[in-house]
Amino acid sequence: MLDQLSAIAAAAFEQCGFDPALGRVILSNRPQLCQFQCDGAMKGAKQLRRPPMEIAKAVAEKLAEHPAFAMVDVAPPGFINLNVTDEFLLQGLAIAASDARFGVPATENPRTIVLDYCGPNVAKPLHVGHLRPAIIGESLKRLMKFLGHKVIADNHLGDWGLQMGQVIAQLEELGKTADDITGPLLSEVYPQASARSKTDPDFRKKAQDYTVAWQQREPDKVVLGEKIIEVSCENFREDFAVLGVSYDYWYGESYAAQFVPAVLDTLKQQNLLRLDDGAQVVDVTRDDDNPPLPPAIMIKSDGACNYETTDVATILQRVQEFAPDDIWYVVDKRQALHFKQVFRVAHNSGIAPEDLHLVHIGNGTMNGADGRPFKTRDGGTMRLSDLLEQATAQAMEKIADSAYILDSEKPQAAQKIAVASIKFGDLSNHWAKDYVFDLQKFLSFEGKTGSYILYMLARINSILGKASDDTPQFAQLTGDAERELAIALLQTGQQFAQAAAQQAPNFVAESAYTIAVAFAKFYHNSNILNETCAQTRASRLALCKLTQDILLLHLDILGIEAVEAM
Ligand code: ARG
């Protein structure tokens with residue numbers, strides 16, 4: 001809609017002999033005054049050496065002739081204020097309602113994007129730190145797919161590093177075999193092994209040796225290691241299923257290992273590998289790096305391959321298998337240095353073609369009330385499944401007395417509400433931000449929350465359910481609340497494009513909230529089911545139906561499931 005209006009304004013600037021680029025129309029900063037505005041006259045005043053009011057008046061005169069506008073006004077120091085006609089809005093609504101994409105255009109330049117998100121380390125359960133990258137990545141996958149890109153989601157499991165040696169060594173000392181390995185056993189063994197590594201030098205040495213042995217595929221290590229991966233992934237899948245997170249591949253570091261020799265060959269051929277204190281490293285720093293970047297360690301002095309190595313090898317694998325235009329990594333921002341090093345090695349060696357975009361979307365952390373990464377009450381790391389259970393229990397309390405949901409359906413509804421609230425609370429924050437996890441606030445039916453949006457959708461469901469014999473049909477808009485809702489709905493394409501350009505699902509969350517608020521206003525101001533004029537009723541129902549469809553589309557892109565009633 002804004003592109004359409006901007007094109008009209010650009011033509012008006014041009015007709016007046018001004019630069020058409022000045023004709024950019026945006027949503028009004030003062031919605032009580034007008035729906036849209038154009039600030040081009042102020043921007044162009046210097047360039048054109050004319051007072052902005054004069055420019056604005058000349059352009060406004062042209063715009064007033066255009067049938068899209070119901071009002072064109074000029075305000076000092078040079079604003080052009082605009083309202084569109086109801087016909088203009090109704091036309092947009094009718095197009096959106098008859099379109100499978102609800103009027104949101106697909107991209108003209110589809111790209112192939114590998115999305116690497118979360119990638120937890122096996123041998124330990126998912127914890128709350130995995131929440132942000134998992135759900136931001138999932139949402140980006142859904143958004144870019146919807147916009148017409150080819151997206152390949154890969155869960156890059158950590159299954160090649162020291163934790164493997166630690167856990168295998170500890171399991172062996174406890175006399176456990178592969179058949180004994182279960183989720184609960186792993187959650188006991190990993191903390192033991194990691195604590196011993198810190199205090200017991202012999203054990204640490206053993207864990208390091210075992211890591212090398214695992215990487216070199218020593219059969220007894222492989223039997224335990226593979227079972228650790230299998231059991232961990234089963235548990236991951238359960239948590240991810242609750243969160244609505246899914247992947248095309250679960251390749252992991254171990255899969256990349258077969259590409260490590262080719263990486264080392266390339267680096268050797270190009271004289272990029274250097275021996276440093278027994279380790280093989282690549283220098284990646286550039287003159288303009290302040291402070292300089294440390295070298296990337298490819299092979300440690302004990303012969304083990306590093307996190308950097310498998311990540312470079314994974315780029316090689318992805319280039320060969322998928323020929324991507326982009327690889328996006330949604331991973332904690334504290335890994336920024338790691339990705340800088342990996343991207344430099346890949347680009348400097350040509351393993352990543354020059355035009356391959358490697359992007360680290362470094363997510364912030366979910367914090368507790370103390371502003372530090374969220375912990376359990378006794379200061380431990382909070383498991384994701386425990387958090388989800390707690391939230392579900394609280395959501396259950398909130399809907400316990402609801403007459404809208406059958407008792408038998410309440411447990412499932414409570415889980416959906418809990419997940420929606422947690423995910424929306426997270427996704428409404430820009431990915432780079434840290435935010436405070438406040439379950440009480442997230443679960444509230446008021447404010448910018450997932451519960452609020454689900455609640456509004458439930459109201460719409462109930463209206464449409466009672467009007468199932470009607471034929472919704474856009475005919476007219478009556479009142480500003482309806483116009484505001486129409487504008488919010490017709491902004492969807494713009495909001496999605498913004499989210500894609502900035503790789504930021506929070507724009508989708510924001511748009512969903514704006515629509516829900518606009519709907520609430522309309523719902524309180526207008527008769528819908530009680531409306532006696534058939535045409536008005538049909539038109540308002542059409543507005544309900546389109547709001548439902550577009551809100552569900554937003555939720556789908558956020559990876560949030562709605563509930564039928566609440
Ligand atoms: N396994 C890593 C961790 O737990 C995250 C992996 C992210 N992806 C990647 N290609 N490095 O911190």
# chains A, B, ... in the order shown; residues from 1 in each chain; ligands from 1
$ select_by_dssp --residues "segment 357-564 of chain A" --states "strand (DSSP E or B)" --output "ChimeraX atom specification"
/A:357-363,366-367,373,375,381,383,435-436
$ residues_around --residues "segment 73-81 of chain A" --least-positions-apart "2" --cutoff "10 Å" --atoms "only C-alpha atoms" --output "JSON list (two decimals) with C-alpha atoms, in the first residue's frame"
[["chain", "number", "residue", "atom", "x", "y", "z"],
["A", 25, "VAL", "CA", 4.71, 8.22, 1.69],
["A", 27, "LEU", "CA", 2.28, 6.07, 7.91],
["A", 28, "SER", "CA", 1.31, 9.21, 9.77],
["A", 30, "ARG", "CA", -0.06, 11.62, 14.21],
["A", 33, "LEU", "CA", -4.58, 14.12, 12.23],
["A", 34, "CYS", "CA", -4.24, 12.01, 9.10],
["A", 35, "GLN", "CA", -3.56, 8.48, 7.91],
["A", 36, "PHE", "CA", -0.37, 9.07, 5.89],
["A", 37, "GLN", "CA", 2.25, 11.74, 5.39],
["A", 38, "CYS", "CA", 4.96, 12.72, 2.97],
["A", 39, "ASP", "CA", 7.96, 14.71, 4.21],
["A", 40, "GLY", "CA", 9.56, 15.13, 0.78],
["A", 41, "ALA", "CA", 9.08, 18.90, 0.62],
["A", 42, "MET", "CA", 11.22, 19.43, 3.72],
["A", 43, "LYS", "CA", 13.83, 16.98, 2.51],
["A", 45, "ALA", "CA", 14.00, 22.28, 0.22],
["A", 51, "PRO", "CA", 10.81, 27.13, 0.84],
["A", 52, "PRO", "CA", 9.38, 23.76, 1.87],
["A", 53, "MET", "CA", 5.83, 25.13, 2.18],
["A", 54, "GLU", "CA", 5.94, 26.25, -1.44],
["A", 55, "ILE", "CA", 7.05, 22.79, -2.61],
["A", 56, "ALA", "CA", 4.46, 21.09, -0.43],
["A", 57, "LYS", "CA", 1.65, 23.28, -1.75],
["A", 58, "ALA", "CA", 2.58, 22.68, -5.38],
["A", 59, "VAL", "CA", 2.74, 18.91, -4.89],
["A", 60, "ALA", "CA", -0.45, 18.86, -2.78],
["A", 61, "GLU", "CA", -2.32, 20.52, -5.62],
["A", 63, "LEU", "CA", -2.14, 15.03, -5.35],
["A", 64, "ALA", "CA", -5.58, 16.46, -4.73],
["A", 71, "MET", "CA", -7.89, 14.61, 1.91],
["A", 83, "ASN", "CA", -6.10, 10.49, 3.91]]
$ residues_near_ligand --ligand "ligand 1" --cutoff "7 Å" --atoms "only C-alpha atoms and all ligand atoms" --output "PyMOL selection string"
chain A and resi 116-121+156-158+311+329+331
$ residues_around --residues "segment 555-562 of chain A" --least-positions-apart "6" --cutoff "7 Å" --atoms "only C-alpha atoms" --output "ChimeraX atom specification"
/A:138-139,142-143,244,416,420,454
$ atom_distance --atom1 "atom CA of Cys305 of chain A" --atom2 "atom CA of Gly183 of chain A"
26.8 Å
$ residues_around --residues "Ala565 of chain A" --least-positions-apart "3" --cutoff "7 Å" --atoms "only C-alpha atoms" --output "MDAnalysis selection string"
chainID A and resid 404:405 458
$ residues_around --residues "Gln91 of chain A" --least-positions-apart "6" --cutoff "12 Å" --atoms "only C-alpha atoms" --output "PDB file with C-alpha atoms, in the first residue's frame"
ATOM      1  CA  MET A   1       0.000   0.000   0.000  1.00  0.00           C
ATOM      2  CA  ALA A  68      -6.940   7.752  -4.208  1.00  0.00           C
ATOM      3  CA  VAL A  84      -7.094   7.926   1.337  1.00  0.00           C
ATOM      4  CA  THR A  85     -10.645   7.248   0.199  1.00  0.00           C
ATOM      5  CA  ALA A  97      -9.184 -11.291   0.780  1.00  0.00           C
ATOM      6  CA  SER A  98      -9.219 -12.990  -2.610  1.00  0.00           C
ATOM      7  CA  GLY A 103      -1.861  -9.438  -0.789  1.00  0.00           C
ATOM      8  CA  GLN A 473     -18.364  -9.238   1.660  1.00  0.00           C
ATOM      9  CA  PHE A 474     -16.517  -5.926   1.666  1.00  0.00           C
ATOM     10  CA  ALA A 475     -18.885  -3.101   0.807  1.00  0.00           C
ATOM     11  CA  GLN A 476     -18.122  -0.096   2.972  1.00  0.00           C
ATOM     12  CA  LEU A 477     -16.110   1.200   5.881  1.00  0.00           C
ATOM     13  CA  ALA A 486      -7.858  -1.795   7.259  1.00  0.00           C
ATOM     14  CA  ILE A 487      -4.607   0.158   7.165  1.00  0.00           C
ATOM     15  CA  LEU A 490      -2.768  -3.670   4.411  1.00  0.00           C
TER      16      LEU A 490
END
$ select_by_dssp --residues "segment 171-305 of chain A" --states "alpha helix (DSSP H)" --output "count of residues only"
75
$ residues_around --residues "segment 199-205 of chain A" --least-positions-apart "6" --cutoff "9 Å" --atoms "only C-alpha atoms" --output "list of chain:residue names"
A:Gln166, A:Ala169, A:Gln170, A:Ala193
$ write_last_selection --atoms "N, CA, C and O atoms" --output "PDB file, in the first residue's frame"
ATOM      1  N   GLN A 166      34.544 -36.100  27.477  1.00  0.00           N
ATOM      2  CA  GLN A 166      34.228 -36.050  28.916  1.00  0.00           C
ATOM      3  C   GLN A 166      33.160 -37.082  29.272  1.00  0.00           C
ATOM      4  O   GLN A 166      33.311 -37.863  30.204  1.00  0.00           O
ATOM      5  N   ALA A 169      34.263 -40.758  28.782  1.00  0.00           N
ATOM      6  CA  ALA A 169      35.192 -41.184  29.837  1.00  0.00           C
ATOM      7  C   ALA A 169      34.442 -41.454  31.144  1.00  0.00           C
ATOM      8  O   ALA A 169      34.667 -42.467  31.822  1.00  0.00           O
ATOM      9  N   GLN A 170      33.527 -40.561  31.477  1.00  0.00           N
ATOM     10  CA  GLN A 170      32.781 -40.723  32.733  1.00  0.00           C
ATOM     11  C   GLN A 170      31.878 -41.957  32.672  1.00  0.00           C
ATOM     12  O   GLN A 170      31.805 -42.732  33.633  1.00  0.00           O
ATOM     13  N   ALA A 193      30.943 -35.084  34.802  1.00  0.00           N
ATOM     14  CA  ALA A 193      32.131 -35.112  33.951  1.00  0.00           C
ATOM     15  C   ALA A 193      32.712 -33.722  33.791  1.00  0.00           C
ATOM     16  O   ALA A 193      33.932 -33.530  33.851  1.00  0.00           O
TER      17      ALA A 193
END
